[in-house]
Each structure stands twice: as structure tokens, then as C-alpha cells.
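Heads up, the thing below is written out as C-alpha cells.
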Amino acid sequence: MTDEYERRKAIRQQKAREWQLGEPLPVIAYTEEEDALWETVTAKLSSLHQEVACANYRRAAEAVVLERRRVPQLAEISPVLTELTGFHLRPAEGTVPAKRFLGTFADSGFHATQYLRRPESPYHSPEPDVLHELIGHAVMLGDPVFADLYRSFGEAARRVSAPDAMRDLVHVFWFAMETGVVYEDGRPRVCGAALLSSVAEMESLDKVELRAFDTADIVAQDFDDTDCMPVLFAAESVGHLVAEVRRFLNRL
């Protein structure tokens with residue numbers, strides 16, 4: 001099972017490595033088992049989203065409609081995003097270096113992997129997979145408010161050159177766009193892609209230490225992106241999160 005998983009993953013990574021900007025996005029032949037895994041996990045996520053996802057995400061999910069019974073192709077979702085917010089998807093081998101990953105947002109591009117998480121770990125993936133990219137990032141990129149914030153991160157990534165400034169930028173991106181939390185109607189709601197694509201993260205939200213969203217505290221907070229987060233930062237609202245992030249970016 002492990003050998004077969006790695007073989008399929010390597011093929012998909014090779015397709016991403018060979019792809020050139022302007023070419024059609026690679027089409028991946030997902031297996032019946034992968035489609036079944038996608039269906040199982042997305043059904044569970046969809047139920048949790050009704051309970052803990054922020055309003056912006058729920059609205060965007062009505063516009064960025066993802067297949068539930070099979071793994072969608074990047075080529076199906078990319079033109080939807082382009083029509084909604086101007087963003088497009090680009091295939092990625094795996095984790096992309098931070099400056100390149102973030103900087104691409106300035107061109108309204110998003111690097112997305114095309115392999116699926118391991119079957120033995122369906123509810124939390126320690127690396128970005130296609131479920132994380134589409135359920136998490138792609139849907140959020142369909143929201144104009146968050147799409148503009150992604151672009152702002154991209155512009156900042158291209159401005160900064162000092163290693164410390166890039167580190168701080170990565171930390172704020174992580175705690176805002178990957179593991180972001182906002183309050184709505186007095187309750188914490190998830191707006192970060194890593195949380196939105198993880199059953200384990202959302203089910204443990206009530207056990208997490210929630211701190212006030214403050215970028216000075218965020219840049220001082222270490223994190224391990226291979227496991228569920230013990231500490232998250234919650235903004236008073238989506239508007240508050242956006243305002244605080246923009247203040248931080250403008251200082252870089």
C-alpha cells in the first residue's frame with residue numbers, strides 16, 4: 001500500500017514538475033479508492049463546516065462547487081476562481097519555498113498539489129494535498145475579501161528580502177490564512193485553509209487555546225505544521241482580521 005501510494009504520488013509530482021505556465025493543467029487519473037476517500041472526508045468536512053466555518057467560507061462554497069463523489073481536477077476549479085476573483089491554480093510538486101509560494105499570489109496564482117493524503121490518515125494531513133488545496137484554499141480564493149488579502153501577502157513577499165521579515169510574514173500567513181479563526185455571533189469560526197480541510201483540527205477547536213489576534217504575538221509564536229495546533233489566534237471578526245493583517249503588511 002505504501003509503495004503504491006508513493007508511486008502514484010511521484011507520477012503526479014512529475015507532471016507538476018514538467019508543467020509550464022500557459023499549458024493546460026495536468027489531468028490526474030485518481031483511483032476508485034482515492035475517490036472514495038475524497039467522498040468520505042468531504043462529507044465529514046461539509047457537516048463540520050455548517051457548524052464552525054466562517055460565513056465568508058460558507059458563501060464562497062456555494063460559488064466554488066466541488067464534486068463530492070470524486071476528486072476534482074485543478075482544471076475544473078481554476079476557471080471558476082478566475083471568473084469569481086481573478087485567481088488561477090498552478091500545479092505544485094509539494095511544499096513550495098515560502099517566497100515563491102506567497103509571491104505568486106501577487107499574480108493571482110496559487111500553487112496546488114494534486115496528490116491525495118494517505119488513506120491511513122484521512123482526517124488530518126501533515127503535508128498539503130489536493131483536498132487541503134481545494135477544500136481549504138480554493139474555496140477561500142473564491143471569496144473577494146480573502147482573495148484580495150492573498151494578493152496583499154503576495155505583494156509583501158515580493159517586497160521583503162530580509163530573512164527575519166520573511167519569517168514574520170510566514171508566521172502571520174500561517175495564523176491568518178492557514179489556521180485563522182474569527183468570532184461570529186460570539187462563537188469562534190474557522191477561516192484558515194489548514195483548519196477547514198482537517199476534520200481533526202475542527203473537531204478539537206473547543207480544546208485549543210484561543211488567544212487574541214495580535215500580529216506582535218503571532219510572530220513570536222512557534223508552530224509545528226505537521227500536527228494539530230494547540231494555540232490559535234482569534235480575531236474579533238473577518239474585518240478585524242483583514243485590518244490587522246494589512247497593518248502588519250504595510251509595515252514590512
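Naming scheme: A, B, ... for chains in displayed order of the C-alpha cells; residues 1 onward per chain; ligands 1 onward as shown.
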
Which of segment 77-243 of chain A DSSP labels strand (DSSP E or B), written as a VMD selection string: chain A and resid 88 to 91 109 to 112 181 to 184 187 to 190 209 to 212 231 to 235

Just the residues within 10 Å of segment 180-195 of chain A, please, counting only C-alpha atoms, with nothing from its chain fewer than 4 positions along; format it as a PyMOL selection string. chain A and resi 49+51-58+124-128+132-140+146+172-176+199-203+205-206+210-213+225+228-229+232-241

Would you output that residue set with N, CA and C atoms, as a short mmCIF file (atom, residue, chain, number, x, y, z; two decimals), in the first residue's frame?
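again_29.cif written:
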data_model
loop_
_atom_site.label_atom_id
_atom_site.label_comp_id
_atom_site.auth_asym_id
_atom_site.auth_seq_id
_atom_site.Cartn_x
_atom_site.Cartn_y
_atom_site.Cartn_z
N HIS A 49 -18.33 22.11 8.54
CA HIS A 49 -18.36 23.49 8.04
C HIS A 49 -19.65 24.20 8.43
N GLU A 51 -21.15 23.95 11.06
CA GLU A 51 -21.07 24.28 12.48
C GLU A 51 -20.01 25.31 12.80
N VAL A 52 -18.83 25.20 12.15
CA VAL A 52 -17.69 26.01 12.61
C VAL A 52 -17.02 26.86 11.53
N ALA A 53 -17.40 26.75 10.26
CA ALA A 53 -16.77 27.58 9.22
C ALA A 53 -17.35 28.99 9.25
N CYS A 54 -16.52 29.97 8.92
CA CYS A 54 -16.99 31.36 8.92
C CYS A 54 -17.97 31.59 7.77
N ALA A 55 -18.74 32.68 7.87
CA ALA A 55 -19.76 32.97 6.87
C ALA A 55 -19.16 33.20 5.49
N ASN A 56 -17.99 33.84 5.43
CA ASN A 56 -17.35 34.06 4.13
C ASN A 56 -17.07 32.74 3.43
N TYR A 57 -16.61 31.75 4.19
CA TYR A 57 -16.33 30.45 3.60
C TYR A 57 -17.61 29.78 3.11
N ARG A 58 -18.63 29.80 3.92
CA ARG A 58 -19.87 29.13 3.53
C ARG A 58 -20.46 29.76 2.27
N HIS A 124 -6.51 14.14 8.89
CA HIS A 124 -5.50 15.18 9.09
C HIS A 124 -4.28 14.83 8.26
N SER A 125 -3.83 15.77 7.44
CA SER A 125 -2.66 15.52 6.61
C SER A 125 -1.51 16.41 7.05
N PRO A 126 -0.32 15.82 7.30
CA PRO A 126 0.83 16.64 7.72
C PRO A 126 1.47 17.40 6.56
N GLU A 127 1.01 17.20 5.34
CA GLU A 127 1.53 17.92 4.19
C GLU A 127 0.36 18.38 3.32
N PRO A 128 0.57 19.42 2.52
CA PRO A 128 -0.53 19.91 1.68
C PRO A 128 -0.89 18.90 0.59
N HIS A 132 -6.66 19.51 0.82
CA HIS A 132 -6.34 20.76 1.51
C HIS A 132 -6.39 21.94 0.55
N GLU A 133 -5.82 21.76 -0.64
CA GLU A 133 -5.76 22.87 -1.60
C GLU A 133 -7.14 23.31 -2.06
N LEU A 134 -8.02 22.35 -2.36
CA LEU A 134 -9.32 22.69 -2.92
C LEU A 134 -10.36 23.03 -1.86
N ILE A 135 -10.51 22.15 -0.88
CA ILE A 135 -11.49 22.40 0.19
C ILE A 135 -11.10 23.62 1.01
N GLY A 136 -9.79 23.77 1.24
CA GLY A 136 -9.32 24.90 2.04
C GLY A 136 -9.09 26.15 1.21
N HIS A 137 -7.98 26.16 0.48
CA HIS A 137 -7.57 27.39 -0.21
C HIS A 137 -8.48 27.79 -1.37
N ALA A 138 -8.81 26.84 -2.25
CA ALA A 138 -9.56 27.23 -3.45
C ALA A 138 -10.89 27.87 -3.11
N VAL A 139 -11.60 27.30 -2.15
CA VAL A 139 -12.88 27.90 -1.77
C VAL A 139 -12.66 29.29 -1.20
N MET A 140 -11.66 29.46 -0.33
CA MET A 140 -11.41 30.79 0.22
C MET A 140 -10.98 31.78 -0.86
N PHE A 146 -11.07 37.63 0.92
CA PHE A 146 -9.88 36.84 1.19
C PHE A 146 -8.96 36.79 -0.02
N VAL A 172 2.57 35.14 10.11
CA VAL A 172 1.26 35.80 10.04
C VAL A 172 0.38 35.11 9.00
N PHE A 173 0.96 34.69 7.88
CA PHE A 173 0.17 33.94 6.90
C PHE A 173 -0.38 32.66 7.52
N TRP A 174 0.47 31.97 8.27
CA TRP A 174 0.05 30.70 8.87
C TRP A 174 -1.13 30.90 9.82
N PHE A 175 -1.02 31.88 10.70
CA PHE A 175 -2.05 32.04 11.72
C PHE A 175 -3.26 32.85 11.23
N ALA A 176 -3.17 33.41 10.03
CA ALA A 176 -4.32 34.13 9.46
C ALA A 176 -5.00 33.33 8.37
N VAL A 199 -10.56 17.44 9.49
CA VAL A 199 -11.60 17.03 10.45
C VAL A 199 -11.04 17.10 11.86
N ALA A 200 -9.82 16.61 12.05
CA ALA A 200 -9.22 16.57 13.39
C ALA A 200 -9.09 17.97 13.98
N GLU A 201 -8.66 18.93 13.17
CA GLU A 201 -8.49 20.31 13.66
C GLU A 201 -9.83 20.90 14.08
N MET A 202 -10.84 20.74 13.25
CA MET A 202 -12.13 21.36 13.57
C MET A 202 -12.81 20.68 14.74
N GLU A 203 -12.65 19.37 14.86
CA GLU A 203 -13.26 18.67 15.99
C GLU A 203 -12.59 19.02 17.31
N LEU A 205 -11.42 22.08 18.04
CA LEU A 205 -11.40 23.53 18.19
C LEU A 205 -11.74 23.97 19.61
N ASP A 206 -12.64 23.26 20.27
CA ASP A 206 -13.04 23.66 21.62
C ASP A 206 -11.97 23.32 22.66
N LEU A 210 -7.27 29.68 22.58
CA LEU A 210 -7.53 30.78 21.67
C LEU A 210 -7.02 32.08 22.28
N ARG A 211 -6.11 32.71 21.57
CA ARG A 211 -5.56 33.99 22.01
C ARG A 211 -6.07 35.11 21.10
N ALA A 212 -6.05 36.32 21.60
CA ALA A 212 -6.47 37.47 20.80
C ALA A 212 -5.54 37.62 19.59
N PHE A 213 -6.12 38.00 18.45
CA PHE A 213 -5.35 38.13 17.22
C PHE A 213 -4.50 39.39 17.28
N ASP A 225 3.66 22.56 11.75
CA ASP A 225 2.57 22.38 10.80
C ASP A 225 2.30 20.92 10.46
N CYS A 228 -1.84 18.85 14.84
CA CYS A 228 -2.91 19.77 15.19
C CYS A 228 -2.37 20.88 16.07
N MET A 229 -2.94 22.06 15.91
CA MET A 229 -2.43 23.25 16.58
C MET A 229 -2.95 23.35 18.01
N LEU A 232 -4.18 28.91 18.82
CA LEU A 232 -4.65 29.65 17.65
C LEU A 232 -4.95 31.08 18.07
N PHE A 233 -5.02 31.97 17.08
CA PHE A 233 -5.29 33.38 17.33
C PHE A 233 -6.63 33.74 16.68
N ALA A 234 -7.55 34.26 17.49
CA ALA A 234 -8.90 34.55 17.02
C ALA A 234 -9.13 36.05 16.92
N ALA A 235 -9.51 36.51 15.74
CA ALA A 235 -9.84 37.93 15.52
C ALA A 235 -11.29 38.18 15.91
N GLU A 236 -11.62 39.43 16.17
CA GLU A 236 -12.98 39.79 16.58
C GLU A 236 -13.99 39.58 15.46
N SER A 237 -13.52 39.62 14.22
CA SER A 237 -14.38 39.43 13.04
C SER A 237 -13.47 39.27 11.83
N VAL A 238 -14.06 38.95 10.68
CA VAL A 238 -13.27 38.90 9.45
C VAL A 238 -12.67 40.27 9.16
N GLY A 239 -13.48 41.32 9.34
CA GLY A 239 -12.99 42.67 9.10
C GLY A 239 -11.82 43.03 9.99
N HIS A 240 -11.88 42.60 11.25
CA HIS A 240 -10.78 42.85 12.18
C HIS A 240 -9.53 42.11 11.76
N LEU A 241 -9.66 40.85 11.36
CA LEU A 241 -8.51 40.07 10.90
C LEU A 241 -7.87 40.75 9.69
#

Expressed in Å, the length from atom CA of Asp222 of chain A to atom CA of Thr179 of chain A is 13.2 Å

At most 6 Å is the cut-off: for each residue in segment 139-245 of chain A with any atom that close to an atom of segment 103-116 of chain A, write down the nearest atom pair and the distance in Å rounded to one decimal, counting only C-alpha atoms, chain first then increasing number, as a Markdown table.
| residue | atom | partner | partner_atom | distance |
| --- | --- | --- | --- | --- |
| A:Tyr150 | CA | A:Phe105 | CA | 5.9 |
| A:Arg151 | CA | A:Ala106 | CA | 4.8 |
| A:Gly154 | CA | A:Gly103 | CA | 4.1 |
| A:Glu155 | CA | A:Ala106 | CA | 5.2 |
| A:Ala157 | CA | A:Gly103 | CA | 5.2 |
| A:Arg158 | CA | A:Gly103 | CA | 5.5 |

Once you have the residues from the selection above, write them out as an mmCIF file, in the first residue's frame, restricted to all heavy atoms.
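Dumped everything to again-v4.cif:
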data_model
loop_
_atom_site.group_PDB
_atom_site.id
_atom_site.type_symbol
_atom_site.label_atom_id
_atom_site.label_comp_id
_atom_site.auth_asym_id
_atom_site.auth_seq_id
_atom_site.Cartn_x
_atom_site.Cartn_y
_atom_site.Cartn_z
ATOM 1 N N TYR A 150 -4.979 37.547 0.033
ATOM 2 C CA TYR A 150 -3.926 36.700 -0.537
ATOM 3 C C TYR A 150 -3.009 37.553 -1.422
ATOM 4 O O TYR A 150 -1.782 37.441 -1.344
ATOM 5 C CB TYR A 150 -4.532 35.577 -1.376
ATOM 6 C CG TYR A 150 -4.919 34.326 -0.630
ATOM 7 C CD1 TYR A 150 -6.171 34.200 -0.039
ATOM 8 C CD2 TYR A 150 -4.059 33.238 -0.548
ATOM 9 C CE1 TYR A 150 -6.550 33.042 0.616
ATOM 10 C CE2 TYR A 150 -4.424 32.069 0.107
ATOM 11 C CZ TYR A 150 -5.678 31.978 0.694
ATOM 12 O OH TYR A 150 -6.038 30.827 1.344
ATOM 13 N N ARG A 151 -3.589 38.386 -2.278
ATOM 14 C CA ARG A 151 -2.770 39.235 -3.164
ATOM 15 C C ARG A 151 -1.862 40.158 -2.351
ATOM 16 O O ARG A 151 -0.702 40.375 -2.708
ATOM 17 C CB ARG A 151 -3.666 40.064 -4.084
ATOM 18 C CG ARG A 151 -4.314 39.278 -5.197
ATOM 19 C CD ARG A 151 -4.955 40.194 -6.239
ATOM 20 N NE ARG A 151 -5.763 39.414 -7.148
ATOM 21 C CZ ARG A 151 -7.061 39.153 -6.986
ATOM 22 N NH1 ARG A 151 -7.698 39.643 -5.934
ATOM 23 N NH2 ARG A 151 -7.703 38.414 -7.859
ATOM 24 N N GLY A 154 1.068 38.352 -1.287
ATOM 25 C CA GLY A 154 1.977 38.177 -2.410
ATOM 26 C C GLY A 154 2.819 39.406 -2.678
ATOM 27 O O GLY A 154 4.038 39.308 -2.915
ATOM 28 N N GLU A 155 2.192 40.561 -2.634
ATOM 29 C CA GLU A 155 2.924 41.807 -2.861
ATOM 30 C C GLU A 155 3.963 42.035 -1.768
ATOM 31 O O GLU A 155 5.088 42.487 -2.047
ATOM 32 C CB GLU A 155 1.933 42.967 -2.933
ATOM 33 C CG GLU A 155 1.035 42.907 -4.172
ATOM 34 C CD GLU A 155 -0.218 43.736 -4.036
ATOM 35 O OE1 GLU A 155 -0.388 44.394 -2.975
ATOM 36 O OE2 GLU A 155 -1.037 43.730 -4.973
ATOM 37 N N ALA A 157 5.442 39.652 0.009
ATOM 38 C CA ALA A 157 6.504 38.657 -0.154
ATOM 39 C C ALA A 157 7.519 39.106 -1.197
ATOM 40 O O ALA A 157 8.715 38.817 -1.081
ATOM 41 C CB ALA A 157 5.910 37.311 -0.540
ATOM 42 N N ARG A 158 7.066 39.811 -2.200
ATOM 43 C CA ARG A 158 7.987 40.291 -3.235
ATOM 44 C C ARG A 158 8.775 41.520 -2.787
ATOM 45 O O ARG A 158 9.837 41.790 -3.321
ATOM 46 C CB ARG A 158 7.200 40.587 -4.514
ATOM 47 C CG ARG A 158 6.698 39.315 -5.183
ATOM 48 C CD ARG A 158 6.110 39.554 -6.532
ATOM 49 N NE ARG A 158 5.835 38.290 -7.204
ATOM 50 C CZ ARG A 158 5.210 38.187 -8.363
ATOM 51 N NH1 ARG A 158 4.797 39.283 -8.999
ATOM 52 N NH2 ARG A 158 4.994 36.994 -8.904
#

Just the helix (DSSP H, G or I) stuff from segment 1-60 of chain A, please, per backbone DSSP, written as JSON, numbers by chain. {"A": [2, 3, 4, 5, 6, 7, 8, 9, 10, 11, 12, 13, 14, 15, 16, 17, 18, 32, 33, 34, 35, 36, 37, 38, 39, 40, 41, 42, 43, 44, 45, 46, 47, 48, 49, 50, 51, 52, 55, 56, 57, 58, 59, 60]}

Which residues come within 12 Å of Asp168 of chain A, counting only C-alpha atoms, excluding same-chain residues fewer than 3 positions away, as a list in words?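 In the requested form, the answer reads Ala98, Lys99, Phe153, Ala156, Ala157, Val160, Ser161, Ala162, Pro163, Asp164, Ala165, His171, Val172, Phe173, Trp174, Phe175, Thr215, Ala216, Asp217, Ile218, Val219, Ala220, Gln221, Asp222, Val245, Phe248, Leu249, Arg251 and Leu252 of chain A.
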
Point-to-point distance in Å for atom CA of Leu25 of chain A and atom CA of Pro91 of chain A: 7.1 Å

Near-Val71 of chain A list (10 Å; only C-alpha atoms; drop same-chain fewer than 3 positions) as a ChimeraX atom specification: /A:28-32,34-39,42,66-68,74,114-116,130-131,134

Considering only C-alpha atoms, state which residue in the set A:Ala147, A:Glu93, A:Leu81, A:Gln73 is at the smallest distance from Glu18 of chain A. A:Glu93

Choose the residue, out of A:Ala43, A:Pro122, A:Ile11, A:Leu141, that has the smallest atom-to-atom separation from Val80 of chain A; count only C-alpha atoms.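 With only C-alpha atoms as the atom set, the closest residue is A:Leu141.
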
What's the separation between atom CA of Asn250 of chain A and atom CA of Phe223 of chain A, in Å to one decimal place?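 We find that atom CA of Asn250 of chain A and atom CA of Phe223 of chain A lie 23.7 Å from each other.
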
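Between Glu76 of chain A and the residues A:Ala243, A:Val64, A:Asp214, A:Ser204, the shortest atom-to-atom distance, using only C-alpha atoms, involves A:Val64.
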
My list of candidates is A:Leu102, A:Ala63, A:Leu21, A:Leu84. Which is closest to Arg159 of chain A when distances are computed with only C-alpha atoms?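 Ranked by minimum distance to Arg159 of chain A, first place goes to A:Leu102.
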
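Nearest residue to Ala10 of chain A among A:Leu45, A:Ala92, A:Ala75, A:Val208 is A:Ala92, counting only C-alpha atoms.
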